[in-house]
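Structure file run.txt (compact mmCIF, N, CA and C atoms) follows.
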# COMPACT_ATOMS: atom_id res chain seq x y z
N MET J 142 -4.08 3.38 -16.06
CA MET J 142 -3.92 2.83 -14.73
C MET J 142 -5.05 3.36 -13.85
N LYS J 143 -5.90 2.47 -13.37
CA LYS J 143 -7.02 2.84 -12.51
C LYS J 143 -6.71 2.44 -11.07
N ILE J 144 -6.55 3.44 -10.20
CA ILE J 144 -6.25 3.17 -8.79
C ILE J 144 -7.53 2.75 -8.08
N VAL J 145 -7.48 1.59 -7.43
CA VAL J 145 -8.64 1.06 -6.73
C VAL J 145 -8.66 1.54 -5.28
N CYS J 146 -7.53 1.41 -4.59
CA CYS J 146 -7.43 1.90 -3.21
C CYS J 146 -5.98 2.25 -2.92
N SER J 147 -5.80 3.17 -1.98
CA SER J 147 -4.45 3.59 -1.63
C SER J 147 -4.32 3.75 -0.12
N ASN J 148 -3.08 3.70 0.34
CA ASN J 148 -2.77 3.82 1.76
C ASN J 148 -2.15 5.20 1.98
N LYS J 149 -2.98 6.19 2.27
CA LYS J 149 -2.51 7.57 2.43
C LYS J 149 -1.73 7.75 3.74
N LYS J 150 -2.00 6.89 4.70
CA LYS J 150 -1.37 6.99 6.00
C LYS J 150 0.10 6.55 5.97
N ALA J 151 0.48 5.78 4.96
CA ALA J 151 1.83 5.20 4.92
C ALA J 151 2.91 6.26 4.80
N SER J 152 2.70 7.28 4.00
CA SER J 152 3.73 8.31 3.83
C SER J 152 3.89 9.15 5.10
N PHE J 153 2.87 9.21 5.93
CA PHE J 153 2.96 9.93 7.20
C PHE J 153 3.64 9.07 8.27
N GLU J 154 3.40 7.77 8.25
CA GLU J 154 3.92 6.87 9.28
C GLU J 154 5.35 6.37 8.99
N TYR J 155 5.76 6.37 7.70
CA TYR J 155 7.03 5.76 7.33
C TYR J 155 7.83 6.65 6.39
N PHE J 156 9.17 6.46 6.40
CA PHE J 156 10.04 6.98 5.36
C PHE J 156 10.05 5.91 4.27
N ILE J 157 9.64 6.26 3.07
CA ILE J 157 9.58 5.29 1.98
C ILE J 157 10.94 5.27 1.29
N LEU J 158 11.60 4.12 1.33
CA LEU J 158 12.95 3.99 0.79
C LEU J 158 12.97 3.44 -0.64
N ASP J 159 12.16 2.43 -0.91
CA ASP J 159 12.19 1.77 -2.21
C ASP J 159 10.80 1.25 -2.54
N ARG J 160 10.40 1.34 -3.82
CA ARG J 160 9.07 0.90 -4.24
C ARG J 160 9.19 -0.28 -5.20
N TYR J 161 8.23 -1.19 -5.12
CA TYR J 161 8.17 -2.35 -5.99
C TYR J 161 6.74 -2.54 -6.47
N GLU J 162 6.60 -3.15 -7.64
CA GLU J 162 5.28 -3.49 -8.17
C GLU J 162 5.15 -5.00 -8.13
N ALA J 163 4.05 -5.49 -7.58
CA ALA J 163 3.84 -6.93 -7.45
C ALA J 163 2.44 -7.29 -7.91
N GLY J 164 2.33 -8.46 -8.49
CA GLY J 164 1.02 -9.01 -8.80
C GLY J 164 0.47 -9.66 -7.55
N ILE J 165 -0.79 -10.09 -7.62
CA ILE J 165 -1.41 -10.72 -6.46
C ILE J 165 -2.30 -11.87 -6.92
N LYS J 166 -2.29 -12.98 -6.16
CA LYS J 166 -3.14 -14.12 -6.48
C LYS J 166 -4.50 -13.91 -5.82
N LEU J 167 -5.56 -13.88 -6.64
CA LEU J 167 -6.91 -13.71 -6.12
C LEU J 167 -7.83 -14.78 -6.68
N THR J 168 -8.94 -15.02 -5.99
CA THR J 168 -9.96 -15.93 -6.50
C THR J 168 -10.95 -15.13 -7.34
N GLY J 169 -11.90 -15.80 -7.95
CA GLY J 169 -12.86 -15.16 -8.84
C GLY J 169 -13.73 -14.13 -8.15
N THR J 170 -14.27 -14.47 -6.96
CA THR J 170 -15.14 -13.51 -6.28
C THR J 170 -14.35 -12.33 -5.73
N GLU J 171 -13.07 -12.55 -5.40
CA GLU J 171 -12.25 -11.44 -4.90
C GLU J 171 -12.02 -10.40 -5.98
N ILE J 172 -11.68 -10.82 -7.17
CA ILE J 172 -11.39 -9.86 -8.24
C ILE J 172 -12.66 -9.12 -8.64
N LYS J 173 -13.80 -9.78 -8.58
CA LYS J 173 -15.06 -9.11 -8.90
C LYS J 173 -15.38 -8.04 -7.85
N SER J 174 -15.10 -8.32 -6.60
CA SER J 174 -15.33 -7.36 -5.54
C SER J 174 -14.36 -6.18 -5.65
N VAL J 175 -13.11 -6.45 -6.02
CA VAL J 175 -12.13 -5.37 -6.20
C VAL J 175 -12.53 -4.48 -7.36
N ARG J 176 -13.01 -5.08 -8.44
CA ARG J 176 -13.47 -4.28 -9.59
C ARG J 176 -14.61 -3.35 -9.20
N ALA J 177 -15.42 -3.78 -8.22
CA ALA J 177 -16.51 -2.94 -7.71
C ALA J 177 -15.99 -1.89 -6.74
N GLY J 178 -14.69 -1.92 -6.42
CA GLY J 178 -14.08 -0.91 -5.55
C GLY J 178 -14.24 -1.17 -4.08
N LYS J 179 -14.44 -2.41 -3.70
CA LYS J 179 -14.68 -2.72 -2.29
C LYS J 179 -13.46 -3.40 -1.66
N CYS J 180 -12.36 -2.64 -1.57
CA CYS J 180 -11.16 -3.17 -0.93
C CYS J 180 -10.48 -2.07 -0.13
N ASN J 181 -9.63 -2.48 0.81
CA ASN J 181 -8.97 -1.55 1.70
C ASN J 181 -7.59 -2.10 2.05
N ILE J 182 -6.54 -1.28 1.91
CA ILE J 182 -5.19 -1.73 2.23
C ILE J 182 -4.54 -0.87 3.31
N ASN J 183 -5.32 -0.16 4.10
CA ASN J 183 -4.75 0.76 5.08
C ASN J 183 -3.87 0.08 6.12
N ASP J 184 -4.21 -1.08 6.59
CA ASP J 184 -3.44 -1.75 7.64
C ASP J 184 -2.64 -2.94 7.11
N SER J 185 -2.46 -3.02 5.81
CA SER J 185 -1.82 -4.20 5.24
C SER J 185 -0.30 -4.06 5.19
N TYR J 186 0.36 -5.19 5.33
CA TYR J 186 1.82 -5.26 5.28
C TYR J 186 2.21 -6.58 4.64
N VAL J 187 3.50 -6.72 4.36
CA VAL J 187 3.99 -7.90 3.65
C VAL J 187 4.90 -8.72 4.57
N LEU J 188 4.67 -10.02 4.61
CA LEU J 188 5.53 -10.98 5.30
C LEU J 188 6.18 -11.86 4.25
N ILE J 189 7.42 -12.26 4.50
CA ILE J 189 8.10 -13.15 3.56
C ILE J 189 8.40 -14.46 4.27
N LYS J 190 7.80 -15.55 3.77
CA LYS J 190 8.01 -16.90 4.31
C LYS J 190 8.53 -17.78 3.18
N ASN J 191 9.64 -18.45 3.41
CA ASN J 191 10.25 -19.34 2.41
C ASN J 191 10.47 -18.63 1.08
N ASN J 192 10.95 -17.41 1.14
CA ASN J 192 11.23 -16.57 -0.03
C ASN J 192 9.99 -16.30 -0.89
N LYS J 193 8.80 -16.37 -0.28
CA LYS J 193 7.56 -16.02 -0.96
C LYS J 193 6.89 -14.89 -0.18
N PRO J 194 6.56 -13.78 -0.83
CA PRO J 194 5.91 -12.68 -0.12
C PRO J 194 4.40 -12.90 -0.02
N TYR J 195 3.85 -12.56 1.14
CA TYR J 195 2.42 -12.67 1.40
C TYR J 195 1.90 -11.34 1.91
N LEU J 196 0.75 -10.92 1.40
CA LEU J 196 0.11 -9.68 1.84
C LEU J 196 -0.88 -10.02 2.96
N VAL J 197 -0.71 -9.39 4.10
CA VAL J 197 -1.52 -9.66 5.29
C VAL J 197 -2.42 -8.46 5.56
N ASN J 198 -3.65 -8.72 5.98
CA ASN J 198 -4.63 -7.69 6.38
C ASN J 198 -5.20 -6.85 5.25
N MET J 199 -5.14 -7.30 4.02
CA MET J 199 -5.84 -6.59 2.95
C MET J 199 -7.30 -7.02 3.01
N HIS J 200 -8.19 -6.05 3.16
CA HIS J 200 -9.61 -6.36 3.30
C HIS J 200 -10.29 -6.25 1.94
N ILE J 201 -10.88 -7.34 1.48
CA ILE J 201 -11.70 -7.33 0.27
C ILE J 201 -13.09 -7.81 0.69
N ALA J 202 -14.09 -6.96 0.52
CA ALA J 202 -15.45 -7.28 0.96
C ALA J 202 -16.00 -8.47 0.18
N LYS J 203 -16.92 -9.18 0.79
CA LYS J 203 -17.54 -10.33 0.12
C LYS J 203 -18.30 -9.85 -1.11
N TYR J 204 -18.26 -10.66 -2.15
CA TYR J 204 -18.96 -10.33 -3.39
C TYR J 204 -20.46 -10.52 -3.18
N GLU J 205 -21.24 -9.51 -3.55
CA GLU J 205 -22.68 -9.52 -3.28
C GLU J 205 -23.39 -10.69 -3.93
N ASN J 206 -23.01 -11.02 -5.16
CA ASN J 206 -23.69 -12.08 -5.89
C ASN J 206 -22.98 -13.43 -5.74
N GLY J 207 -22.07 -13.52 -4.79
CA GLY J 207 -21.35 -14.77 -4.56
C GLY J 207 -22.23 -15.79 -3.85
N ASN J 208 -21.86 -17.04 -3.98
CA ASN J 208 -22.63 -18.11 -3.34
C ASN J 208 -21.81 -18.71 -2.19
N ILE J 209 -21.93 -19.98 -1.95
CA ILE J 209 -21.22 -20.60 -0.84
C ILE J 209 -19.71 -20.61 -1.06
N PHE J 210 -19.25 -20.36 -2.27
CA PHE J 210 -17.83 -20.35 -2.57
C PHE J 210 -17.22 -18.97 -2.42
N ASN J 211 -17.91 -18.07 -1.72
CA ASN J 211 -17.39 -16.72 -1.49
C ASN J 211 -16.12 -16.80 -0.65
N HIS J 212 -15.29 -15.79 -0.75
CA HIS J 212 -13.97 -15.79 -0.12
C HIS J 212 -14.00 -15.25 1.31
N ASP J 213 -12.92 -15.50 2.04
CA ASP J 213 -12.71 -14.92 3.37
C ASP J 213 -12.22 -13.49 3.16
N GLU J 214 -12.73 -12.54 3.92
CA GLU J 214 -12.46 -11.12 3.66
C GLU J 214 -11.03 -10.70 3.94
N VAL J 215 -10.40 -11.22 4.98
CA VAL J 215 -9.07 -10.75 5.38
C VAL J 215 -8.05 -11.88 5.34
N ARG J 216 -8.11 -12.72 4.35
CA ARG J 216 -7.16 -13.83 4.29
C ARG J 216 -5.79 -13.35 3.82
N THR J 217 -4.78 -14.14 4.06
CA THR J 217 -3.43 -13.82 3.61
C THR J 217 -3.32 -14.20 2.14
N ARG J 218 -2.86 -13.25 1.32
CA ARG J 218 -2.79 -13.47 -0.13
C ARG J 218 -1.34 -13.46 -0.60
N GLU J 219 -1.04 -14.33 -1.55
CA GLU J 219 0.33 -14.42 -2.05
C GLU J 219 0.59 -13.34 -3.09
N LEU J 220 1.73 -12.69 -2.97
CA LEU J 220 2.16 -11.69 -3.95
C LEU J 220 3.08 -12.36 -4.97
N LEU J 221 3.08 -11.83 -6.17
CA LEU J 221 3.88 -12.38 -7.25
C LEU J 221 5.04 -11.44 -7.54
N LEU J 222 6.22 -11.81 -7.06
CA LEU J 222 7.45 -11.06 -7.29
C LEU J 222 8.50 -12.00 -7.88
N HIS J 223 9.51 -11.44 -8.51
CA HIS J 223 10.64 -12.25 -8.94
C HIS J 223 11.36 -12.75 -7.70
N LYS J 224 11.97 -13.92 -7.81
CA LYS J 224 12.60 -14.55 -6.65
C LYS J 224 13.74 -13.69 -6.10
N HIS J 225 14.52 -13.07 -6.99
CA HIS J 225 15.64 -12.26 -6.51
C HIS J 225 15.14 -11.01 -5.78
N GLU J 226 13.99 -10.47 -6.20
CA GLU J 226 13.41 -9.32 -5.49
C GLU J 226 12.94 -9.74 -4.10
N ALA J 227 12.29 -10.89 -4.01
CA ALA J 227 11.81 -11.38 -2.71
C ALA J 227 12.97 -11.64 -1.75
N ILE J 228 14.05 -12.21 -2.25
CA ILE J 228 15.22 -12.48 -1.41
C ILE J 228 15.86 -11.17 -0.95
N LYS J 229 15.94 -10.21 -1.86
CA LYS J 229 16.51 -8.90 -1.52
C LYS J 229 15.68 -8.22 -0.43
N LEU J 230 14.35 -8.26 -0.57
CA LEU J 230 13.46 -7.66 0.44
C LEU J 230 13.62 -8.38 1.78
N ALA J 231 13.68 -9.71 1.75
CA ALA J 231 13.79 -10.47 3.00
C ALA J 231 15.08 -10.14 3.74
N THR J 232 16.19 -10.00 3.02
CA THR J 232 17.45 -9.68 3.69
C THR J 232 17.43 -8.27 4.26
N LYS J 233 16.84 -7.31 3.53
CA LYS J 233 16.77 -5.93 4.05
C LYS J 233 15.92 -5.88 5.31
N VAL J 234 14.81 -6.60 5.32
CA VAL J 234 13.93 -6.61 6.50
C VAL J 234 14.65 -7.24 7.68
N LYS J 235 15.35 -8.33 7.43
CA LYS J 235 16.01 -9.05 8.52
C LYS J 235 17.20 -8.28 9.07
N LEU J 236 18.03 -7.72 8.20
CA LEU J 236 19.27 -7.08 8.65
C LEU J 236 19.08 -5.65 9.14
N GLU J 237 18.25 -4.88 8.45
CA GLU J 237 18.13 -3.46 8.76
C GLU J 237 16.88 -3.11 9.56
N GLY J 238 16.02 -4.08 9.82
CA GLY J 238 14.83 -3.82 10.62
C GLY J 238 13.81 -2.94 9.92
N LEU J 239 13.66 -3.10 8.62
CA LEU J 239 12.71 -2.32 7.84
C LEU J 239 11.38 -3.04 7.76
N ALA J 240 10.37 -2.35 7.26
CA ALA J 240 9.05 -2.94 7.08
C ALA J 240 8.67 -2.85 5.60
N ILE J 241 7.80 -3.75 5.17
CA ILE J 241 7.28 -3.70 3.81
C ILE J 241 5.79 -3.43 3.92
N VAL J 242 5.35 -2.31 3.32
CA VAL J 242 3.98 -1.84 3.45
C VAL J 242 3.36 -1.71 2.07
N ALA J 243 2.07 -2.02 1.95
CA ALA J 243 1.35 -1.83 0.69
C ALA J 243 0.93 -0.37 0.57
N LEU J 244 1.22 0.25 -0.58
CA LEU J 244 0.89 1.65 -0.79
C LEU J 244 -0.40 1.85 -1.57
N LYS J 245 -0.56 1.11 -2.67
CA LYS J 245 -1.79 1.25 -3.45
C LYS J 245 -2.05 0.00 -4.26
N ALA J 246 -3.30 -0.18 -4.62
CA ALA J 246 -3.73 -1.27 -5.49
C ALA J 246 -4.34 -0.63 -6.73
N TYR J 247 -3.95 -1.13 -7.90
CA TYR J 247 -4.44 -0.54 -9.14
C TYR J 247 -4.49 -1.59 -10.23
N PHE J 248 -5.29 -1.30 -11.26
CA PHE J 248 -5.40 -2.18 -12.41
C PHE J 248 -4.46 -1.70 -13.50
N GLU J 249 -3.67 -2.62 -14.02
CA GLU J 249 -2.83 -2.36 -15.18
C GLU J 249 -3.35 -3.27 -16.28
N GLY J 250 -4.17 -2.73 -17.16
CA GLY J 250 -4.90 -3.56 -18.10
C GLY J 250 -5.99 -4.29 -17.34
N SER J 251 -5.97 -5.60 -17.40
CA SER J 251 -6.97 -6.37 -16.65
C SER J 251 -6.39 -7.00 -15.39
N LEU J 252 -5.12 -6.73 -15.10
CA LEU J 252 -4.44 -7.33 -13.95
C LEU J 252 -4.39 -6.38 -12.76
N LEU J 253 -4.61 -6.92 -11.58
CA LEU J 253 -4.50 -6.12 -10.36
C LEU J 253 -3.06 -6.15 -9.88
N LYS J 254 -2.49 -4.98 -9.65
CA LYS J 254 -1.13 -4.85 -9.17
C LYS J 254 -1.16 -4.15 -7.81
N ILE J 255 -0.18 -4.49 -6.98
CA ILE J 255 -0.03 -3.87 -5.67
C ILE J 255 1.32 -3.18 -5.65
N GLU J 256 1.34 -1.90 -5.28
CA GLU J 256 2.61 -1.21 -5.11
C GLU J 256 3.01 -1.34 -3.65
N ILE J 257 4.16 -1.99 -3.42
CA ILE J 257 4.65 -2.17 -2.06
C ILE J 257 5.92 -1.35 -1.90
N ALA J 258 6.23 -1.00 -0.67
CA ALA J 258 7.40 -0.16 -0.42
C ALA J 258 8.18 -0.69 0.77
N LEU J 259 9.48 -0.56 0.67
CA LEU J 259 10.38 -0.85 1.76
C LEU J 259 10.48 0.42 2.60
N CYS J 260 10.12 0.34 3.87
CA CYS J 260 9.95 1.56 4.68
C CYS J 260 10.69 1.46 6.01
N ARG J 261 11.02 2.63 6.53
CA ARG J 261 11.56 2.75 7.88
C ARG J 261 10.57 3.60 8.67
N GLY J 262 10.22 3.18 9.86
CA GLY J 262 9.23 3.88 10.67
C GLY J 262 9.70 5.26 11.11
N LYS J 263 8.79 6.22 11.14
CA LYS J 263 9.10 7.57 11.62
C LYS J 263 8.89 7.63 13.12
N LYS J 264 9.67 8.50 13.75
CA LYS J 264 9.49 8.77 15.17
C LYS J 264 8.53 9.94 15.30
N LEU J 265 8.07 10.20 16.51
CA LEU J 265 7.10 11.26 16.75
C LEU J 265 7.62 12.62 16.31
N SER J 266 8.90 12.89 16.55
CA SER J 266 9.46 14.19 16.15
C SER J 266 9.47 14.35 14.64
N ASP J 267 9.73 13.26 13.91
CA ASP J 267 9.70 13.31 12.45
C ASP J 267 8.29 13.62 11.94
N LYS J 268 7.29 13.04 12.60
CA LYS J 268 5.91 13.28 12.20
C LYS J 268 5.53 14.73 12.45
N ARG J 269 5.99 15.28 13.57
CA ARG J 269 5.70 16.69 13.88
C ARG J 269 6.34 17.60 12.85
N GLU J 270 7.58 17.30 12.44
CA GLU J 270 8.25 18.10 11.42
C GLU J 270 7.50 18.04 10.10
N ALA J 271 7.00 16.86 9.74
CA ALA J 271 6.25 16.72 8.50
C ALA J 271 4.97 17.56 8.54
N LEU J 272 4.29 17.57 9.70
CA LEU J 272 3.07 18.38 9.83
C LEU J 272 3.39 19.87 9.74
N LYS J 273 4.49 20.31 10.37
CA LYS J 273 4.88 21.72 10.30
C LYS J 273 5.20 22.12 8.87
N GLU J 274 5.93 21.26 8.17
CA GLU J 274 6.30 21.53 6.79
C GLU J 274 5.06 21.63 5.89
N LYS J 275 4.12 20.73 6.09
CA LYS J 275 2.89 20.72 5.32
C LYS J 275 2.08 21.99 5.59
N ASP J 276 2.02 22.39 6.86
CA ASP J 276 1.29 23.58 7.25
C ASP J 276 1.93 24.84 6.66
N SER J 277 3.26 24.92 6.68
CA SER J 277 3.93 26.10 6.13
C SER J 277 3.75 26.18 4.61
N LYS J 278 3.79 25.05 3.92
CA LYS J 278 3.53 25.05 2.47
C LYS J 278 2.13 25.55 2.16
N ARG J 279 1.16 25.10 2.96
CA ARG J 279 -0.23 25.52 2.76
C ARG J 279 -0.35 27.03 2.97
N ASN J 280 0.32 27.58 4.01
CA ASN J 280 0.26 29.02 4.27
C ASN J 280 0.91 29.82 3.15
N ILE J 281 2.03 29.34 2.63
CA ILE J 281 2.72 30.03 1.52
C ILE J 281 1.85 30.04 0.28
N GLU J 282 1.23 28.89 -0.05
CA GLU J 282 0.36 28.84 -1.22
C GLU J 282 -0.84 29.76 -1.06
N LYS J 283 -1.39 29.83 0.14
CA LYS J 283 -2.53 30.71 0.40
C LYS J 283 -2.11 32.17 0.24
N ALA J 284 -0.94 32.52 0.75
CA ALA J 284 -0.45 33.90 0.62
C ALA J 284 -0.20 34.26 -0.85
N LEU J 285 0.36 33.34 -1.60
CA LEU J 285 0.59 33.60 -3.03
C LEU J 285 -0.72 33.74 -3.79
N LYS J 286 -1.70 32.94 -3.43
CA LYS J 286 -3.01 33.02 -4.07
C LYS J 286 -3.67 34.37 -3.78
N ASP J 287 -3.57 34.83 -2.52
CA ASP J 287 -4.13 36.13 -2.14
C ASP J 287 -3.39 37.26 -2.84
N ALA J 288 -2.08 37.12 -3.01
CA ALA J 288 -1.27 38.18 -3.66
C ALA J 288 -1.63 38.28 -5.14
N ARG J 289 -1.99 37.19 -5.78
CA ARG J 289 -2.37 37.21 -7.20
C ARG J 289 -3.69 37.93 -7.43
N LYS J 290 -4.55 37.92 -6.42
CA LYS J 290 -5.85 38.58 -6.57
C LYS J 290 -5.69 40.08 -6.73
N TYR J 291 -4.67 40.65 -6.10
CA TYR J 291 -4.47 42.11 -6.12
C TYR J 291 -3.53 42.51 -7.14

Output the file's structure in the form of structure tokens.
Amino acid sequence: MKIVCSNKKASFEYFILDRYEAGIKLTGTEIKSVRAGKCNINDSYVLIKNNKPYLVNMHIAKYENGNIFNHDEVRTRELLLHKHEAIKLATKVKLEGLAIVALKAYFEGSLLKIEIALCRGKKLSDKREALKEKDSKRNIEKALKDARKY
């Protein structure tokens, strides 16, 4: 599994409740650009219209050797999920006010997969607690490392 791009900000901004793996429909120049590592999913999210999930705001740079048939960089792309999964996600989003965020894009064999997650937004106090916890873990590891030296 080769990770192409990941959304590191998502775990800080959201509580991740459930993860799903989805395929994605791409054109020829898009997949060539992704293989070159020129994609970004930091601000991308999933919308569900007519029980079909769509990935919005995924940036794939134009392919350098592309011609007039090159793709639009930030177009809405269709995700490939089972119908029952899409319906389940749509009901959770509608009833519980959750969001669906893209976490990472990776190759599984020759296919590009997107890991999406059902998330609940964090409040400012939750973010502060996460930073304090991260800082205390770092201090403990540093102290243990220093103690091993002696």

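One distance worth recording is that between CA of Glu274 (chain J) and CA of Phe156 (chain J), which is 15.1 Å.
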
Q.
Please list as a ChimeraX atom specification every residue within 6 Å of region 250-265 of chain J, counting only C-alpha atoms and excluding residues in the same chain fewer than 6 positions away.
A. /J:154-164,239-244

Would you output that residue set with N, CA and C atoms, as a CSV table (one decimal), keeping the file's coordinate frame?
chain,number,residue,atom,x,y,z
J,154,GLU,N,3.4,7.8,8.2
J,154,GLU,CA,3.9,6.9,9.3
J,154,GLU,C,5.4,6.4,9.0
J,155,TYR,N,5.8,6.4,7.7
J,155,TYR,CA,7.0,5.8,7.3
J,155,TYR,C,7.8,6.6,6.4
J,156,PHE,N,9.2,6.5,6.4
J,156,PHE,CA,10.0,7.0,5.4
J,156,PHE,C,10.0,5.9,4.3
J,157,ILE,N,9.6,6.3,3.1
J,157,ILE,CA,9.6,5.3,2.0
J,157,ILE,C,10.9,5.3,1.3
J,158,LEU,N,11.6,4.1,1.3
J,158,LEU,CA,13.0,4.0,0.8
J,158,LEU,C,13.0,3.4,-0.6
J,159,ASP,N,12.2,2.4,-0.9
J,159,ASP,CA,12.2,1.8,-2.2
J,159,ASP,C,10.8,1.2,-2.5
J,160,ARG,N,10.4,1.3,-3.8
J,160,ARG,CA,9.1,0.9,-4.2
J,160,ARG,C,9.2,-0.3,-5.2
J,161,TYR,N,8.2,-1.2,-5.1
J,161,TYR,CA,8.2,-2.4,-6.0
J,161,TYR,C,6.7,-2.5,-6.5
J,162,GLU,N,6.6,-3.2,-7.6
J,162,GLU,CA,5.3,-3.5,-8.2
J,162,GLU,C,5.2,-5.0,-8.1
J,163,ALA,N,4.0,-5.5,-7.6
J,163,ALA,CA,3.8,-6.9,-7.4
J,163,ALA,C,2.4,-7.3,-7.9
J,164,GLY,N,2.3,-8.5,-8.5
J,164,GLY,CA,1.0,-9.0,-8.8
J,164,GLY,C,0.5,-9.7,-7.6
J,239,LEU,N,13.7,-3.1,8.6
J,239,LEU,CA,12.7,-2.3,7.8
J,239,LEU,C,11.4,-3.0,7.8
J,240,ALA,N,10.4,-2.4,7.3
J,240,ALA,CA,9.0,-2.9,7.1
J,240,ALA,C,8.7,-2.8,5.6
J,241,ILE,N,7.8,-3.8,5.2
J,241,ILE,CA,7.3,-3.7,3.8
J,241,ILE,C,5.8,-3.4,3.9
J,242,VAL,N,5.4,-2.3,3.3
J,242,VAL,CA,4.0,-1.8,3.4
J,242,VAL,C,3.4,-1.7,2.1
J,243,ALA,N,2.1,-2.0,2.0
J,243,ALA,CA,1.4,-1.8,0.7
J,243,ALA,C,0.9,-0.4,0.6
J,244,LEU,N,1.2,0.2,-0.6
J,244,LEU,CA,0.9,1.6,-0.8
J,244,LEU,C,-0.4,1.8,-1.6

Q) Which distance in Å separates atom N of Lys143 (chain J) and CA of Ala227 (chain J), to one decimal? A) 24.9 Å

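With all atoms listed in the file taken into account, the protein and nucleic acid residues at most 8 Å from Ile189 (chain J) (excluding it and anything under 5 positions from it in its own chain) are J:Pro194, J:Tyr195, J:Leu196, J:Ala227, J:Leu230, J:Ala231.
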
Q. Please, what distance in Å, to one decimal, runs between atom C of Leu222 (chain J) and atom N of Ile165 (chain J)?
A. 9.5 Å

Q) Which residue gives the smallest distance to Glu249 (chain J) among J:Leu272, J:Val175, J:Val187, J:Ile144, with only N, CA and C atoms counted? A) J:Ile144

(Q) Run DSSP on the backbone and tell me which residues of chain J come out as helix (DSSP H, G or I); list them as a PyMOL selection string. (A) chain J and resi 151-154+169-176+224-237+265-290

Q) Hey, which of J:Lys193, J:Arg279, J:Arg216, J:Lys149 ends up closest to Glu171 (chain J)? Count only C-alpha atoms. A) J:Arg216

Q) Out of J:Thr170, J:Lys283, J:Lys275, J:Asn192, which residue has the shortest atom-to-atom distance to Gly207 (chain J) when counting only N, CA and C atoms? A) J:Thr170

Q | Distance criterion (only N, CA and C atoms): nearest to Thr168 (chain J) out of J:Val234, J:His212, J:Asn191, J:Asp184 | A | J:His212

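Nearest to Ala151 (chain J) of all the residues J:Asp213, J:Val197, J:Asn183, J:Ser174 is J:Asn183, counting all atoms listed in the file.
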
Output as AutoDock Vina command-line options the centre and edge lengths (Å, one decimal) of the box along x, y and z of the file that holds every listed atom of region 209-225 of chain J after adding 3 Å on each side.
--center_x -3.1 --center_y -15.7 --center_z -1.8 --size_x 43.6 --size_y 15.9 --size_z 20.3

Q | Long-range neighbours of region 179-182 of chain J as number ranges by chain, 9 Å cut-off, only C-alpha atoms, 2 positions minimum in chain | A | J: 145-148, 174-177, 184-186, 198-204, 243-246

Q | strand (DSSP E) call set, DSSP backbone run, chain J, as a PyMOL selection string | A | chain J and resi 143-147+155-165+180-181+186-190+193-197+200-201+218-221+240-249+252-262
